>>> print(open('run.cif').read())   # mmCIF, C-alpha atoms
data_target
loop_
_atom_site.label_atom_id
_atom_site.label_comp_id
_atom_site.auth_asym_id
_atom_site.auth_seq_id
_atom_site.Cartn_x
_atom_site.Cartn_y
_atom_site.Cartn_z
CA MET A 1 4.16 -21.13 -33.62
CA LYS A 2 5.54 -19.77 -30.35
CA LEU A 3 5.29 -16.52 -28.49
CA SER A 4 8.42 -14.61 -27.51
CA ARG A 5 10.23 -15.55 -24.29
CA ASN A 6 9.60 -12.04 -22.97
CA SER A 7 5.87 -12.36 -23.56
CA GLN A 8 5.73 -15.71 -21.78
CA ALA A 9 7.74 -14.37 -18.85
CA MET A 10 5.31 -11.54 -18.17
CA GLU A 11 2.90 -11.78 -15.25
CA PHE A 12 -0.71 -10.62 -15.03
CA SER A 13 -1.34 -7.42 -13.11
CA PRO A 14 -2.07 -8.13 -9.41
CA ILE A 15 -4.47 -5.19 -9.59
CA ARG A 16 -6.62 -6.53 -12.42
CA LYS A 17 -6.21 -10.28 -12.70
CA PHE A 18 -9.15 -11.09 -10.38
CA ASN A 19 -11.52 -8.75 -12.23
CA PRO A 20 -13.24 -11.50 -14.28
CA ILE A 21 -14.19 -13.35 -11.07
CA ALA A 22 -15.39 -10.13 -9.48
CA THR A 23 -17.54 -9.37 -12.52
CA GLU A 24 -19.31 -12.72 -12.22
CA VAL A 25 -19.92 -12.13 -8.50
CA GLN A 26 -21.37 -8.69 -9.12
CA GLU A 27 -23.61 -9.99 -11.87
CA SER A 28 -25.07 -12.45 -9.33
CA GLY A 29 -26.27 -9.47 -7.28
CA VAL A 30 -23.50 -9.21 -4.67
CA LYS A 31 -22.08 -5.76 -3.91
CA ILE A 32 -18.28 -5.66 -3.99
CA TYR A 33 -16.39 -2.83 -2.32
CA HIS A 34 -13.40 -2.15 -4.58
CA LEU A 35 -10.12 -1.31 -2.91
CA ASN A 36 -8.03 -2.92 -5.63
CA ILE A 37 -7.60 -0.13 -8.17
CA GLY A 38 -6.46 3.48 -7.89
CA GLN A 39 -9.42 5.06 -9.66
CA PRO A 40 -10.54 8.09 -7.59
CA ASP A 41 -14.18 9.16 -7.47
CA ILE A 42 -13.23 12.84 -7.21
CA LYS A 43 -14.60 14.86 -10.10
CA THR A 44 -12.17 15.76 -12.85
CA PRO A 45 -11.80 19.57 -12.90
CA ARG A 46 -14.33 21.09 -15.29
CA CYS A 47 -11.65 23.07 -17.09
CA PHE A 48 -10.50 19.88 -18.85
CA MET A 49 -13.76 19.17 -20.68
CA ASP A 50 -14.53 22.87 -21.12
CA ALA A 51 -11.32 23.23 -23.11
CA VAL A 52 -12.06 20.13 -25.18
CA ARG A 53 -15.60 21.34 -25.97
CA ALA A 54 -14.24 24.72 -27.00
CA PHE A 55 -12.09 23.12 -29.72
CA ASP A 56 -13.44 24.52 -32.97
CA GLU A 57 -11.11 23.56 -35.79
CA ASP A 58 -12.31 22.09 -39.08
CA VAL A 59 -9.61 19.39 -39.06
CA LEU A 60 -8.30 17.41 -36.09
CA MET A 61 -4.66 17.40 -37.14
CA TYR A 62 -1.52 15.65 -35.97
CA GLU A 63 0.12 17.40 -33.04
CA GLN A 64 3.89 17.84 -32.76
CA SER A 65 5.66 14.64 -31.69
CA GLN A 66 7.15 16.38 -28.67
CA GLY A 67 3.77 17.74 -27.62
CA ASP A 68 1.56 20.77 -28.06
CA ILE A 69 3.62 23.89 -27.31
CA LYS A 70 0.87 25.43 -25.17
CA PHE A 71 0.74 22.27 -23.06
CA LEU A 72 4.53 22.17 -22.72
CA GLU A 73 4.55 25.80 -21.60
CA SER A 74 1.76 25.08 -19.12
CA ILE A 75 3.84 22.26 -17.58
CA CYS A 76 6.90 24.54 -17.37
CA ASP A 77 4.84 27.26 -15.67
CA TYR A 78 3.53 24.70 -13.15
CA TYR A 79 7.03 23.51 -12.21
CA LYS A 80 8.27 27.08 -11.86
CA ARG A 81 5.23 28.22 -9.86
CA GLU A 82 4.94 25.23 -7.51
CA TYR A 83 8.58 24.11 -7.16
CA GLY A 84 10.85 26.82 -8.48
CA VAL A 85 12.19 24.42 -11.12
CA GLY A 86 13.22 25.97 -14.44
CA TYR A 87 12.25 23.46 -17.10
CA LYS A 88 12.12 24.60 -20.75
CA PRO A 89 9.71 23.11 -23.31
CA THR A 90 12.68 21.32 -24.89
CA ASP A 91 13.24 19.49 -21.57
CA ILE A 92 9.83 17.77 -21.82
CA VAL A 93 8.18 15.22 -24.11
CA VAL A 94 4.46 14.46 -23.81
CA THR A 95 3.57 10.77 -23.74
CA MET A 96 0.52 8.49 -23.72
CA GLY A 97 0.37 8.28 -19.96
CA ALA A 98 3.25 7.75 -17.56
CA SER A 99 3.47 4.15 -18.82
CA GLU A 100 4.69 5.26 -22.24
CA ALA A 101 7.06 7.70 -20.57
CA LEU A 102 8.57 4.74 -18.72
CA THR A 103 8.78 2.41 -21.73
CA MET A 104 10.45 5.20 -23.73
CA THR A 105 12.85 5.89 -20.87
CA PHE A 106 13.84 2.24 -20.51
CA THR A 107 14.27 1.91 -24.28
CA THR A 108 16.55 4.95 -24.30
CA ILE A 109 18.87 4.01 -21.42
CA ILE A 110 18.82 0.20 -21.10
CA ASP A 111 20.86 -2.39 -22.96
CA PRO A 112 20.17 -6.14 -22.56
CA GLY A 113 21.48 -7.33 -19.22
CA ASP A 114 21.46 -3.93 -17.53
CA GLU A 115 20.00 -3.84 -14.02
CA ILE A 116 17.52 -1.37 -12.57
CA LEU A 117 17.37 -0.94 -8.81
CA ILE A 118 13.95 -0.47 -7.25
CA ALA A 119 12.68 -0.95 -3.71
CA GLU A 120 10.20 -3.79 -3.45
CA PRO A 121 7.27 -3.93 -3.26
CA PHE A 122 6.89 -1.76 -6.36
CA TYR A 123 4.30 -0.94 -9.02
CA SER A 124 4.11 -4.24 -10.84
CA ASN A 125 4.25 -2.90 -14.41
CA TYR A 126 7.88 -1.91 -13.89
CA GLN A 127 8.73 -5.58 -14.22
CA THR A 128 7.12 -5.63 -17.66
CA PHE A 129 8.63 -2.30 -18.73
CA ALA A 130 12.13 -3.58 -17.93
CA LEU A 131 11.59 -7.09 -19.27
CA VAL A 132 10.50 -6.06 -22.76
CA ARG A 133 13.63 -3.90 -23.07
CA GLY A 134 15.97 -6.70 -21.99
CA GLY A 135 16.70 -5.22 -18.57
CA ASP A 136 16.53 -6.87 -15.18
CA ILE A 137 14.88 -5.56 -12.03
CA ARG A 138 17.19 -5.85 -9.02
CA PRO A 139 15.08 -5.35 -5.91
CA ILE A 140 16.14 -3.42 -2.84
CA PRO A 141 14.63 -5.45 0.02
CA THR A 142 12.33 -3.70 2.48
CA SER A 143 10.21 -4.77 5.44
CA SER A 144 6.64 -4.10 6.48
CA LYS A 145 7.90 -3.75 10.05
CA GLU A 146 10.16 -0.86 8.97
CA GLY A 147 7.47 0.84 6.92
CA TYR A 148 9.19 -0.18 3.65
CA ARG A 149 11.92 2.44 4.04
CA TYR A 150 14.93 1.88 1.81
CA ALA A 151 16.82 5.17 1.33
CA ALA A 152 19.84 4.28 3.45
CA LYS A 153 23.37 4.15 2.05
CA ASP A 154 24.03 0.59 3.22
CA LYS A 155 20.81 -0.74 1.65
CA LEU A 156 21.49 1.00 -1.65
CA GLU A 157 25.10 -0.13 -1.85
CA ALA A 158 24.17 -3.73 -1.01
CA ALA A 159 21.98 -3.84 -4.15
CA LEU A 160 24.57 -2.23 -6.44
CA THR A 161 26.42 -4.36 -9.01
CA ASP A 162 28.63 -3.66 -12.01
CA LYS A 163 25.50 -4.08 -14.16
CA THR A 164 23.47 -1.38 -12.40
CA LYS A 165 22.34 1.30 -14.85
CA ALA A 166 19.61 3.17 -12.97
CA ILE A 167 17.55 3.39 -9.82
CA VAL A 168 13.81 4.00 -9.81
CA CYS A 169 12.21 6.01 -7.01
CA ILE A 170 8.42 6.10 -6.91
CA ASN A 171 7.82 9.03 -4.59
CA PRO A 172 5.35 8.94 -2.94
CA GLY A 173 5.23 5.20 -3.40
CA ASN A 174 2.84 2.84 -5.09
CA PRO A 175 1.97 0.41 -3.48
CA THR A 176 3.47 1.42 -0.13
CA GLY A 177 2.45 5.06 0.25
CA LEU A 178 5.98 5.77 1.48
CA ALA A 179 6.95 9.44 1.16
CA LEU A 180 10.69 10.06 1.20
CA THR A 181 12.03 12.71 3.55
CA THR A 182 14.27 15.51 2.27
CA GLU A 183 17.22 13.75 3.91
CA GLU A 184 16.39 10.43 2.21
CA MET A 185 16.15 12.14 -1.17
CA GLY A 186 19.61 13.57 -0.52
CA VAL A 187 21.00 10.12 0.27
CA ILE A 188 19.64 8.79 -3.01
CA ALA A 189 20.98 11.79 -4.95
CA ASP A 190 24.49 11.24 -3.54
CA PHE A 191 24.34 7.51 -4.31
CA VAL A 192 23.28 8.19 -7.91
CA ILE A 193 26.03 10.74 -8.55
CA GLU A 194 28.77 8.72 -6.86
CA ASN A 195 27.96 5.67 -8.99
CA ASP A 196 27.16 7.49 -12.26
CA LEU A 197 23.60 6.16 -12.45
CA TRP A 198 20.36 7.38 -13.92
CA LEU A 199 17.67 8.32 -11.42
CA ILE A 200 14.15 7.69 -12.70
CA ALA A 201 11.88 9.67 -10.39
CA ASP A 202 8.25 8.58 -10.78
CA GLU A 203 6.42 11.50 -9.17
CA ALA A 204 2.83 10.98 -10.31
CA TYR A 205 1.56 11.44 -6.73
CA ARG A 206 3.94 14.28 -5.81
CA GLU A 207 1.40 16.69 -4.29
CA TYR A 208 -0.28 14.12 -2.07
CA VAL A 209 1.88 13.98 1.05
CA TYR A 210 0.44 14.28 4.56
CA ASP A 211 1.08 15.10 8.20
CA GLY A 212 2.79 18.40 7.53
CA MET A 213 5.18 17.12 4.86
CA LYS A 214 5.71 19.54 1.96
CA PRO A 215 5.71 18.29 -1.65
CA ARG A 216 9.18 18.21 -3.17
CA SER A 217 10.57 16.99 -6.47
CA PHE A 218 13.93 15.38 -7.15
CA ALA A 219 14.19 18.19 -9.71
CA ASN A 220 14.76 20.51 -6.73
CA ILE A 221 18.17 18.88 -6.21
CA ASP A 222 20.41 20.84 -8.57
CA ARG A 223 23.36 18.42 -8.48
CA LEU A 224 21.16 15.76 -10.12
CA LYS A 225 20.73 17.78 -13.33
CA GLU A 226 22.48 15.34 -15.69
CA ASN A 227 21.32 12.14 -13.97
CA LEU A 228 17.64 12.87 -13.40
CA ILE A 229 14.64 11.68 -15.41
CA VAL A 230 11.25 12.74 -14.04
CA ILE A 231 8.11 10.76 -14.93
CA ASP A 232 4.75 12.46 -14.44
CA SER A 233 1.11 12.31 -15.51
CA VAL A 234 -2.30 13.94 -15.18
CA SER A 235 -4.09 10.73 -14.17
CA LYS A 236 -3.92 10.77 -10.38
CA ARG A 237 -3.02 14.39 -9.73
CA PHE A 238 -6.21 15.59 -11.43
CA SER A 239 -8.42 12.49 -11.17
CA ALA A 240 -8.24 12.14 -14.95
CA CYS A 241 -7.17 8.52 -15.37
CA GLY A 242 -8.98 8.19 -18.70
CA ALA A 243 -6.95 11.03 -20.17
CA ARG A 244 -3.89 9.08 -21.16
CA ILE A 245 -1.50 11.98 -20.82
CA GLY A 246 1.91 11.80 -19.19
CA PHE A 247 5.34 13.23 -19.84
CA VAL A 248 9.02 12.69 -19.30
CA ALA A 249 11.25 15.59 -18.24
CA SER A 250 15.03 15.84 -18.10
CA LYS A 251 17.75 18.45 -18.51
CA ASN A 252 20.07 15.83 -19.99
CA GLU A 253 20.12 16.81 -23.67
CA GLU A 254 21.50 13.48 -24.92
CA PHE A 255 18.72 11.57 -23.15
CA MET A 256 16.03 13.89 -24.50
CA THR A 257 17.36 13.42 -28.04
CA GLY A 258 16.79 9.68 -27.64
CA ILE A 259 13.28 10.25 -26.30
CA ILE A 260 12.40 12.54 -29.23
CA LYS A 261 13.39 9.80 -31.70
CA LEU A 262 10.92 7.43 -30.05
CA ALA A 263 8.24 10.11 -29.88
CA GLN A 264 8.54 10.66 -33.60
CA SER A 265 8.23 6.94 -34.27
CA ARG A 266 4.73 6.91 -32.73
CA LEU A 267 3.81 10.23 -34.40
CA CYS A 268 2.00 12.10 -31.62
CA VAL A 269 -0.21 12.05 -28.54
CA SER A 270 -3.94 12.86 -28.68
CA THR A 271 -4.46 16.52 -29.58
CA LEU A 272 -7.71 16.96 -27.65
CA GLU A 273 -6.39 15.41 -24.46
CA GLN A 274 -3.41 17.76 -24.54
CA ILE A 275 -5.76 20.73 -24.98
CA GLY A 276 -7.70 19.69 -21.89
CA SER A 277 -4.57 18.92 -19.87
CA THR A 278 -3.12 22.35 -20.64
CA GLU A 279 -5.82 23.86 -18.44
CA LEU A 280 -5.29 21.37 -15.62
CA PHE A 281 -1.74 22.56 -15.03
CA LYS A 282 -3.02 26.13 -14.67
CA LEU A 283 -5.01 25.24 -11.54
CA PRO A 284 -3.94 27.13 -8.40
CA SER A 285 -2.12 25.63 -5.43
CA SER A 286 -5.40 25.63 -3.50
CA TYR A 287 -6.63 22.78 -5.72
CA TYR A 288 -3.85 20.49 -4.47
CA GLU A 289 -4.46 21.51 -0.87
CA GLU A 290 -8.15 20.61 -1.12
CA MET A 291 -7.41 17.26 -2.72
CA LYS A 292 -4.71 16.49 -0.17
CA GLU A 293 -7.10 17.20 2.69
CA GLU A 294 -9.72 14.89 1.20
CA TYR A 295 -7.30 12.01 0.59
CA CYS A 296 -5.92 12.42 4.10
CA LYS A 297 -9.45 11.91 5.51
CA ARG A 298 -9.79 8.75 3.44
CA ARG A 299 -6.41 7.49 4.58
CA ASP A 300 -7.33 8.03 8.22
CA ALA A 301 -10.67 6.23 7.77
CA ALA A 302 -8.88 3.22 6.27
CA TYR A 303 -6.08 3.17 8.82
CA GLU A 304 -8.45 3.40 11.80
CA GLU A 305 -10.40 0.34 10.67
CA ILE A 306 -7.38 -1.70 9.59
CA MET A 307 -5.66 -1.21 12.92
CA GLN A 308 -8.57 -2.94 14.67
CA ILE A 309 -7.41 -6.23 13.13
CA PRO A 310 -5.45 -8.26 15.72
CA ASP A 311 -1.76 -8.86 14.87
CA VAL A 312 -1.87 -6.69 11.76
CA ILE A 313 1.22 -4.76 10.61
CA CYS A 314 0.40 -1.47 8.93
CA HIS A 315 2.31 1.80 8.89
CA LYS A 316 0.22 4.89 8.20
CA PRO A 317 1.27 5.95 4.68
CA GLY A 318 2.84 9.37 4.28
CA GLY A 319 1.68 9.96 0.73
CA ALA A 320 -0.17 8.89 -2.44
CA PHE A 321 -3.41 6.97 -1.76
CA TYR A 322 -2.27 3.40 -1.20
CA MET A 323 -1.77 1.40 1.96
CA MET A 324 0.09 -1.86 2.46
CA VAL A 325 -1.31 -4.19 5.10
CA ASP A 326 0.52 -7.27 6.41
CA LEU A 327 -2.22 -9.63 7.61
CA PRO A 328 -1.89 -12.58 10.01
CA ILE A 329 -2.45 -15.10 7.19
CA ASP A 330 -0.32 -17.26 4.91
CA ASP A 331 -1.87 -16.52 1.51
CA ALA A 332 -3.59 -13.24 0.64
CA GLU A 333 -4.72 -14.55 -2.75
CA ASP A 334 -6.52 -17.46 -1.10
CA PHE A 335 -8.12 -15.01 1.33
CA LEU A 336 -9.28 -12.83 -1.56
CA MET A 337 -10.83 -15.83 -3.33
CA PHE A 338 -12.67 -16.67 -0.10
CA LEU A 339 -14.03 -13.12 0.07
CA LEU A 340 -15.15 -13.17 -3.55
CA THR A 341 -16.64 -16.64 -3.71
CA GLU A 342 -17.80 -17.45 -0.16
CA TYR A 343 -17.94 -14.55 2.28
CA ARG A 344 -21.00 -12.30 2.43
CA ASP A 345 -22.16 -9.75 4.98
CA ASN A 346 -25.58 -8.36 4.06
CA ASN A 347 -24.82 -9.60 0.55
CA GLU A 348 -21.65 -7.50 0.45
CA THR A 349 -17.96 -8.34 0.21
CA VAL A 350 -14.68 -6.59 -0.56
CA MET A 351 -11.81 -6.76 -3.04
CA PHE A 352 -8.16 -5.70 -2.68
CA ALA A 353 -4.89 -6.34 -4.52
CA PRO A 354 -2.78 -9.22 -3.15
CA ALA A 355 0.72 -7.86 -2.67
CA ALA A 356 2.83 -10.80 -3.89
CA GLY A 357 2.45 -9.42 -7.40
CA PHE A 358 4.24 -6.24 -6.32
CA TYR A 359 7.40 -8.22 -5.50
CA SER A 360 9.93 -9.66 -7.91
CA THR A 361 11.46 -11.93 -5.27
CA PRO A 362 9.58 -15.26 -5.33
CA GLY A 363 7.67 -16.03 -2.16
CA LYS A 364 7.66 -12.49 -0.77
CA GLY A 365 4.53 -10.52 0.05
CA ARG A 366 2.21 -13.51 0.33
CA SER A 367 0.63 -12.26 3.56
CA GLU A 368 0.36 -8.66 2.40
CA ILE A 369 -2.35 -6.72 0.58
CA ARG A 370 -2.55 -3.30 -1.04
CA ILE A 371 -5.65 -1.18 -0.63
CA ALA A 372 -6.39 2.00 -2.57
CA TYR A 373 -8.23 4.57 -0.46
CA VAL A 374 -9.50 6.54 -3.44
CA LEU A 375 -13.23 6.55 -2.68
CA GLU A 376 -15.23 8.53 -0.11
CA SER A 377 -14.55 7.90 3.58
CA GLY A 378 -17.80 6.06 4.38
CA TYR A 379 -17.17 3.62 1.52
CA ILE A 380 -13.57 3.09 2.69
CA LYS A 381 -14.66 2.52 6.27
CA ARG A 382 -17.21 -0.13 5.31
CA ALA A 383 -14.76 -1.84 2.93
CA CYS A 384 -12.11 -2.13 5.63
CA GLN A 385 -14.71 -3.43 8.08
CA LEU A 386 -15.42 -6.20 5.58
CA ILE A 387 -11.72 -7.08 5.46
CA ARG A 388 -11.71 -7.39 9.24
CA THR A 389 -14.92 -9.44 9.55
CA GLY A 390 -14.05 -11.46 6.46
CA LEU A 391 -10.69 -12.31 7.99
CA GLU A 392 -12.41 -13.54 11.14
CA ALA A 393 -14.60 -15.84 9.04
CA TYR A 394 -11.64 -17.00 6.94
CA LYS A 395 -9.54 -17.92 9.98
CA ALA A 396 -12.49 -19.74 11.50
CA LYS A 397 -12.81 -21.77 8.30
CA MET A 398 -9.08 -22.53 8.12
CA SER A 399 -9.01 -23.71 11.75
CA LYS A 400 -11.61 -26.43 11.15
#
>>> encode(input="run.cif", output="structure tokens")
Amino acid sequence: MKLSRNSQAMEFSPIRKFNPIATEVQESGVKIYHLNIGQPDIKTPRCFMDAVRAFDEDVLMYEQSQGDIKFLESICDYYKREYGVGYKPTDIVVTMGASEALTMTFTTIIDPGDEILIAEPFYSNYQTFALVRGGDIRPIPTSSKEGYRYAAKDKLEAALTDKTKAIVCINPGNPTGLALTTEEMGVIADFVIENDLWLIADEAYREYVYDGMKPRSFANIDRLKENLIVIDSVSKRFSACGARIGFVASKNEEFMTGIIKLAQSRLCVSTLEQIGSTELFKLPSSYYEEMKEEYCKRRDAAYEEIMQIPDVICHKPGGAFYMMVDLPIDDAEDFLMFLLTEYRDNNETVMFAPAAGFYSTPGKGRSEIRIAYVLESGYIKRACQLIRTGLEAYKAKMSK
């Protein structure tokens, strides 16, 4: 018996594939500082669990396939209040996390052989989402020296082919932390309309932009109405990663009809998690400001330490809570294995995500790493110190 070709072509997540080794190291008594996964330590707002605990029905019933109407209305109120965007409940379908929103979206718009443009490096699961639907990722090349910027007309047009069906914009970016400017968003909008493409805007980190930048959604660009698909979730915005609640939003009625068919095929999303998430979207703007201030402190702590590494290339990220670091080494995976299996400082070491797994182009990203600055500043500072001192030890070993 054989597995499918698609299954065999899939890669392991660069974020999680070293976890078994790390578990063994931790069980031996070594402390590992984890910079490899975007799991914040910020407390989930109490209103989520308060709403779940207040549930007092005799039967936990199926919810509507599209989503609980109170939750849908809460999302619409949030978009209107924070961004002036007039979504209706019929423009939104609740999903099991942003991942299901993406798999449903790709299923709805992609035929075998269609190409999806996306700037690399990119969140690695997009490769899997496209692959299982018969689509192909066509990367838009970027450079660490240029801060991974890609929203220029010449770069977009160079990637375009007669098979291009859509472009994905993760804004702010994972893994790069790149936050698009208003002008760059306009360039992408014009490119999409001129070439009759879908724009899949993954905006799970929308509120978390720094240095005076104001949060903005592609949904604010009116001329994109028929082309735009917004992907969103509660996971990172509200530090509620275990609540597998996301949604897809679009004003394109034909697209939403396709999404509803898929939603009905999997019946519904968890009733209790939707009840809790309804309250999250009622939080005031001050909540996002407080979280943004905290993540900015953590970013600055990471950046300050990383920039002490000689010959490093690292642009201070403008959003989300990820940072790409181009190290003066040949193989980041080999360096990570050295940190996990050999390097110790006061019986401590550090773990990050090697960046090659965020590229679809073979051979790219081998010297780069992604760190997630999701934990408190002192933790981040020490973790980045261990990268620096571990690198010194690694280079000393390699020079022998």
>>> residues_around(input="run.cif", residues="segment 376-387 of chain A", least_positions_apart="4", cutoff="7 Å", atoms="all atoms listed in the file", output="ChimeraX atom specification")
/A:33,297-298,301-302,305-306,349-350,391
>>> resolve_selection(input="run.cif", expression="the PyMOL selection byres ((chain A and resi 197) around 10)", output="PDB file with C-alpha atoms, keeping the file's coordinate frame")
ATOM      1  CA  ILE A 116      17.520  -1.370 -12.570  1.00  0.00           C
ATOM      2  CA  THR A 164      23.470  -1.380 -12.400  1.00  0.00           C
ATOM      3  CA  LYS A 165      22.340   1.300 -14.850  1.00  0.00           C
ATOM      4  CA  ALA A 166      19.610   3.170 -12.970  1.00  0.00           C
ATOM      5  CA  ILE A 167      17.550   3.390  -9.820  1.00  0.00           C
ATOM      6  CA  ALA A 189      20.980  11.790  -4.950  1.00  0.00           C
ATOM      7  CA  PHE A 191      24.340   7.510  -4.310  1.00  0.00           C
ATOM      8  CA  VAL A 192      23.280   8.190  -7.910  1.00  0.00           C
ATOM      9  CA  ILE A 193      26.030  10.740  -8.550  1.00  0.00           C
ATOM     10  CA  GLU A 194      28.770   8.720  -6.860  1.00  0.00           C
ATOM     11  CA  ASN A 195      27.960   5.670  -8.990  1.00  0.00           C
ATOM     12  CA  ASP A 196      27.160   7.490 -12.260  1.00  0.00           C
ATOM     13  CA  TRP A 198      20.360   7.380 -13.920  1.00  0.00           C
ATOM     14  CA  LEU A 199      17.670   8.320 -11.420  1.00  0.00           C
ATOM     15  CA  ILE A 200      14.150   7.690 -12.700  1.00  0.00           C
ATOM     16  CA  GLU A 226      22.480  15.340 -15.690  1.00  0.00           C
ATOM     17  CA  ASN A 227      21.320  12.140 -13.970  1.00  0.00           C
ATOM     18  CA  LEU A 228      17.640  12.870 -13.400  1.00  0.00           C
TER      19      LEU A 228
END
>>> residues_around(input="run.cif", residues="Lys155 of chain A", least_positions_apart="5", cutoff="8 Å", atoms="all atoms listed in the file", output="JSON, numbers by chain")
{"A": [140, 141, 150]}
>>> atom_distance(input="run.cif", atom1="atom CA of Cys76 of chain A", atom2="atom CA of Ala130 of chain A")
28.6 Å
>>> residues_near_point(input="run.cif", point="(-5.6, 10.6, -9.6)", cutoff="8 Å", atoms="all atoms listed in the file", output="PyMOL selection string")
chain A and resi 38-40+205+234-241
>>> resolve_selection(input="run.cif", expression="the PyMOL selection byres ((chain A and resi 68-70) around 12)", output="PyMOL selection string")
chain A and resi 61-67+71-77+88-90+92-95+245+247+268-279+281-282
>>> closest_residue(input="run.cif", among="A:Leu336, A:Met256, A:Ile229, A:Ile110", to="Phe18 of chain A", atoms="only C-alpha atoms")
A:Leu336
>>> decode(input="run.cif", residues="segment 168-182 of chain A", atoms="N, CA, C and O atoms", output="mmCIF file, in the first residue's frame")
data_model
loop_
_atom_site.group_PDB
_atom_site.id
_atom_site.type_symbol
_atom_site.label_atom_id
_atom_site.label_comp_id
_atom_site.auth_asym_id
_atom_site.auth_seq_id
_atom_site.Cartn_x
_atom_site.Cartn_y
_atom_site.Cartn_z
ATOM 1 N N VAL A 168 -1.301 35.905 -1.950
ATOM 2 C CA VAL A 168 -1.481 35.897 -0.497
ATOM 3 C C VAL A 168 -0.620 36.992 0.106
ATOM 4 O O VAL A 168 0.565 37.113 -0.214
ATOM 5 N N CYS A 169 -1.219 37.798 0.973
ATOM 6 C CA CYS A 169 -0.475 38.803 1.733
ATOM 7 C C CYS A 169 -0.702 38.548 3.214
ATOM 8 O O CYS A 169 -1.832 38.681 3.698
ATOM 9 N N ILE A 170 0.355 38.160 3.912
ATOM 10 C CA ILE A 170 0.296 38.001 5.365
ATOM 11 C C ILE A 170 0.751 39.331 5.947
ATOM 12 O O ILE A 170 1.929 39.685 5.849
ATOM 13 N N ASN A 171 -0.164 40.065 6.530
ATOM 14 C CA ASN A 171 0.140 41.436 6.930
ATOM 15 C C ASN A 171 -0.470 41.768 8.296
ATOM 16 O O ASN A 171 -1.689 41.790 8.427
ATOM 17 N N PRO A 172 0.422 42.024 9.289
ATOM 18 C CA PRO A 172 1.883 41.910 9.291
ATOM 19 C C PRO A 172 2.332 40.459 9.090
ATOM 20 O O PRO A 172 1.577 39.527 9.327
ATOM 21 N N GLY A 173 3.591 40.312 8.692
ATOM 22 C CA GLY A 173 4.058 39.030 8.200
ATOM 23 C C GLY A 173 4.513 38.051 9.258
ATOM 24 O O GLY A 173 5.058 38.416 10.288
ATOM 25 N N ASN A 174 4.296 36.804 8.962
ATOM 26 C CA ASN A 174 4.888 35.670 9.668
ATOM 27 C C ASN A 174 5.592 34.851 8.592
ATOM 28 O O ASN A 174 4.922 34.381 7.666
ATOM 29 N N PRO A 175 6.925 34.756 8.628
ATOM 30 C CA PRO A 175 7.833 34.925 9.768
ATOM 31 C C PRO A 175 8.592 36.250 9.830
ATOM 32 O O PRO A 175 9.403 36.433 10.720
ATOM 33 N N THR A 176 8.362 37.163 8.900
ATOM 34 C CA THR A 176 9.273 38.304 8.764
ATOM 35 C C THR A 176 8.965 39.465 9.696
ATOM 36 O O THR A 176 9.842 40.279 9.982
ATOM 37 N N GLY A 177 7.715 39.601 10.134
ATOM 38 C CA GLY A 177 7.338 40.777 10.902
ATOM 39 C C GLY A 177 7.160 42.013 10.039
ATOM 40 O O GLY A 177 6.966 43.113 10.555
ATOM 41 N N LEU A 178 7.194 41.857 8.723
ATOM 42 C CA LEU A 178 7.041 42.989 7.813
ATOM 43 C C LEU A 178 5.613 43.520 7.873
ATOM 44 O O LEU A 178 4.645 42.764 7.718
ATOM 45 N N ALA A 179 5.476 44.823 8.086
ATOM 46 C CA ALA A 179 4.178 45.488 8.048
ATOM 47 C C ALA A 179 4.126 46.367 6.806
ATOM 48 O O ALA A 179 4.958 47.258 6.625
ATOM 49 N N LEU A 180 3.168 46.104 5.940
ATOM 50 C CA LEU A 180 3.044 46.861 4.704
ATOM 51 C C LEU A 180 2.599 48.290 4.992
ATOM 52 O O LEU A 180 1.758 48.541 5.848
ATOM 53 N N THR A 181 3.155 49.233 4.250
ATOM 54 C CA THR A 181 2.709 50.617 4.341
ATOM 55 C C THR A 181 1.395 50.776 3.568
ATOM 56 O O THR A 181 1.009 49.912 2.762
ATOM 57 N N THR A 182 0.723 51.887 3.803
ATOM 58 C CA THR A 182 -0.513 52.178 3.069
ATOM 59 C C THR A 182 -0.246 52.209 1.566
ATOM 60 O O THR A 182 -1.043 51.704 0.768
#
